[in-house]
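These notes are about the structure you will find just below.
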Amino acid sequence: NSTAYKTVNYYGWAQVLNLVFKKLREKVNQKINSAELWRILGDEAIFIVKIREENDLGEYVKIIFKIMLEIIEELKKGNFFKSDDRNLMKLQNILSLKAAAWIAVVNNVGNIEDDKISLQEGDNIFEKYQSQDGNSIFEFLGNDIDTGFRVASQTQEGRLALSYELAYLISQK
């Protein structure tokens with residue numbers, strides 16, 4: 001509900017949402033060492049984690065769900081708001097979180113502009129390149145990446161949606 005919140009808190013929304021994203025990054029980085037913030041798209045923070053052990057799948061999902069609930073609780077208590085806004089924001093109960101998790105096998109194709117690369121090497125690809133100012137940018141493309149965004153669009157406040165493939169793999173353990 002970030003759009004509704006931005007309308008209600010026209011001047012203070014940026015500080016609050018920045019604090020929420022900062023807390024989210026801190027908690028994820030504390031509890032999942034290999035997690036990396038891929039990007040923030042509007043009001044979505046997207047993290048990536050390389051899976052090394054099958055047992056990590058279920059553990060990471062539990063951790064993300066717990067982090068989501070902790071931050072929702074902090075939002076409901078008004079911890080992210082200035083003291084003069086706290087009661088109003090708590091009463092309006094606008095902001096919350098929702099989450100999604102999915103899995104994709106990704107091939108590193110290097111430079112996608114290299115015409116020697118066969119995109120048949122995998123359904124999902126990873127490319128790392130440099131921006132004009134020298135920053136490293138990495139991108140993921142593929143069917144499983146797209147599926148993840150569709151799963152994410154179907155979740156609701158306070159819920160963690162999983163892709164079928166991820167749920168299946170976790171259920172096998």
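Residue numbers start at 1 in each chain; chains themselves are named A, B, ... in the order of the structure tokens; ligands are numbered from 1 in the order shown.
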Using DSSP assignments from the backbone, pull out every residue in stretch 15-157 of chain A that falls under strand (DSSP E) and give it to me as a ChimeraX atom specification. /A:36-41,44-48,99-101,107-110,124-130,136-142
Quick one: residues within 10 Å of A:Phe21, only C-alpha atoms counted, chain neighbours fewer than 5 positions away excluded, as a short mmCIF file (atom, residue, chain, number, x, y, z; two decimals) with all heavy atoms, in the first residue's frame?
data_model
loop_
_atom_site.label_atom_id
_atom_site.label_comp_id
_atom_site.auth_asym_id
_atom_site.auth_seq_id
_atom_site.Cartn_x
_atom_site.Cartn_y
_atom_site.Cartn_z
N VAL A 16 10.32 7.36 5.80
CA VAL A 16 9.78 6.13 6.38
C VAL A 16 10.10 4.92 5.51
O VAL A 16 10.60 3.90 5.99
CB VAL A 16 8.26 6.26 6.63
CG1 VAL A 16 7.66 4.92 7.02
CG2 VAL A 16 8.00 7.31 7.70
N GLU A 26 19.30 -4.80 6.53
CA GLU A 26 20.09 -5.17 7.70
C GLU A 26 19.71 -6.55 8.22
O GLU A 26 20.57 -7.38 8.48
CB GLU A 26 19.90 -4.15 8.83
CG GLU A 26 20.58 -2.83 8.58
CD GLU A 26 20.21 -1.77 9.62
OE1 GLU A 26 19.40 -2.05 10.54
OE2 GLU A 26 20.72 -0.64 9.49
N LYS A 27 18.42 -6.79 8.36
CA LYS A 27 17.96 -8.07 8.90
C LYS A 27 18.30 -9.23 7.96
O LYS A 27 18.74 -10.28 8.41
CB LYS A 27 16.46 -8.03 9.19
CG LYS A 27 16.10 -7.22 10.41
CD LYS A 27 14.60 -7.26 10.67
CE LYS A 27 14.22 -6.53 11.92
NZ LYS A 27 14.27 -7.34 13.12
N ILE A 40 15.97 -2.51 -5.98
CA ILE A 40 14.70 -2.03 -5.46
C ILE A 40 13.94 -1.50 -6.65
O ILE A 40 14.42 -0.63 -7.38
CB ILE A 40 14.89 -0.95 -4.38
CG1 ILE A 40 15.56 -1.57 -3.15
CG2 ILE A 40 13.55 -0.32 -4.02
CD1 ILE A 40 15.81 -0.61 -2.02
N ASP A 43 8.43 -0.08 -4.85
CA ASP A 43 8.29 -0.45 -3.45
C ASP A 43 8.63 -1.91 -3.20
O ASP A 43 8.23 -2.49 -2.20
CB ASP A 43 6.88 -0.14 -2.95
CG ASP A 43 5.80 -0.90 -3.71
OD1 ASP A 43 6.13 -1.58 -4.69
OD2 ASP A 43 4.63 -0.80 -3.31
N GLU A 44 9.39 -2.53 -4.11
CA GLU A 44 9.80 -3.92 -3.96
C GLU A 44 11.31 -4.01 -3.79
O GLU A 44 12.06 -3.45 -4.58
CB GLU A 44 9.41 -4.74 -5.19
CG GLU A 44 7.93 -4.84 -5.43
CD GLU A 44 7.60 -5.65 -6.68
OE1 GLU A 44 8.50 -6.27 -7.27
OE2 GLU A 44 6.42 -5.66 -7.05
N ALA A 45 11.73 -4.73 -2.75
CA ALA A 45 13.15 -5.04 -2.58
C ALA A 45 13.35 -6.48 -3.01
O ALA A 45 12.63 -7.38 -2.55
CB ALA A 45 13.57 -4.86 -1.12
N ILE A 71 9.18 -7.04 10.78
CA ILE A 71 9.06 -5.68 10.27
C ILE A 71 7.60 -5.24 10.25
O ILE A 71 7.29 -4.08 10.56
CB ILE A 71 9.73 -5.54 8.88
CG1 ILE A 71 11.26 -5.71 9.06
CG2 ILE A 71 9.41 -4.20 8.25
CD1 ILE A 71 12.05 -5.65 7.80
#
Of A:Lys62, A:Thr3, A:Asn107, A:Phe47, the one sitting nearest A:Lys128 when using only C-alpha atoms is A:Asn107
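Distance check against A:Ala100 using only C-alpha atoms: of A:Asp133, A:Glu157, A:Asp123, A:Glu139, the minimum falls on A:Glu157.
Nearest-residue note for A:Leu166: choosing from A:Asn55, A:Ser136, A:Thr7, A:Asn33, the minimum distance belongs to A:Asn55, counting only C-alpha atoms.
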Tell me, as a ChimeraX atom specification, which residues lie within 9 Å of A:Gly158, counting only C-alpha atoms; anything in the same chain fewer than 6 positions away does not count. /A:65,68-69,72,96-99
Write a file of the selected residues as a PDB file, in the first residue's frame, keeping C-alpha atoms.
ATOM      1  CA  PHE A  65       9.066 -15.118   6.640  1.00  0.00           C
ATOM      2  CA  MET A  68       8.743 -10.046   7.221  1.00  0.00           C
ATOM      3  CA  LEU A  69       6.659 -10.626  10.358  1.00  0.00           C
ATOM      4  CA  ILE A  72       5.261  -5.798   9.997  1.00  0.00           C
ATOM      5  CA  SER A  96       2.710  -3.613   5.631  1.00  0.00           C
ATOM      6  CA  LEU A  97       4.846  -6.178   3.822  1.00  0.00           C
ATOM      7  CA  LYS A  98       4.292  -9.192   1.648  1.00  0.00           C
ATOM      8  CA  ALA A  99       6.894 -11.545   0.219  1.00  0.00           C
TER       9      ALA A  99
END
Identify, on the basis of only C-alpha atoms, every residue whose closest approach to A:Glu54 does not exceed 9 Å; exclude the query and any residue fewer than 6 positions from it along the same chain; express the result as a VMD selection string. chain A and resid 169 to 170 173
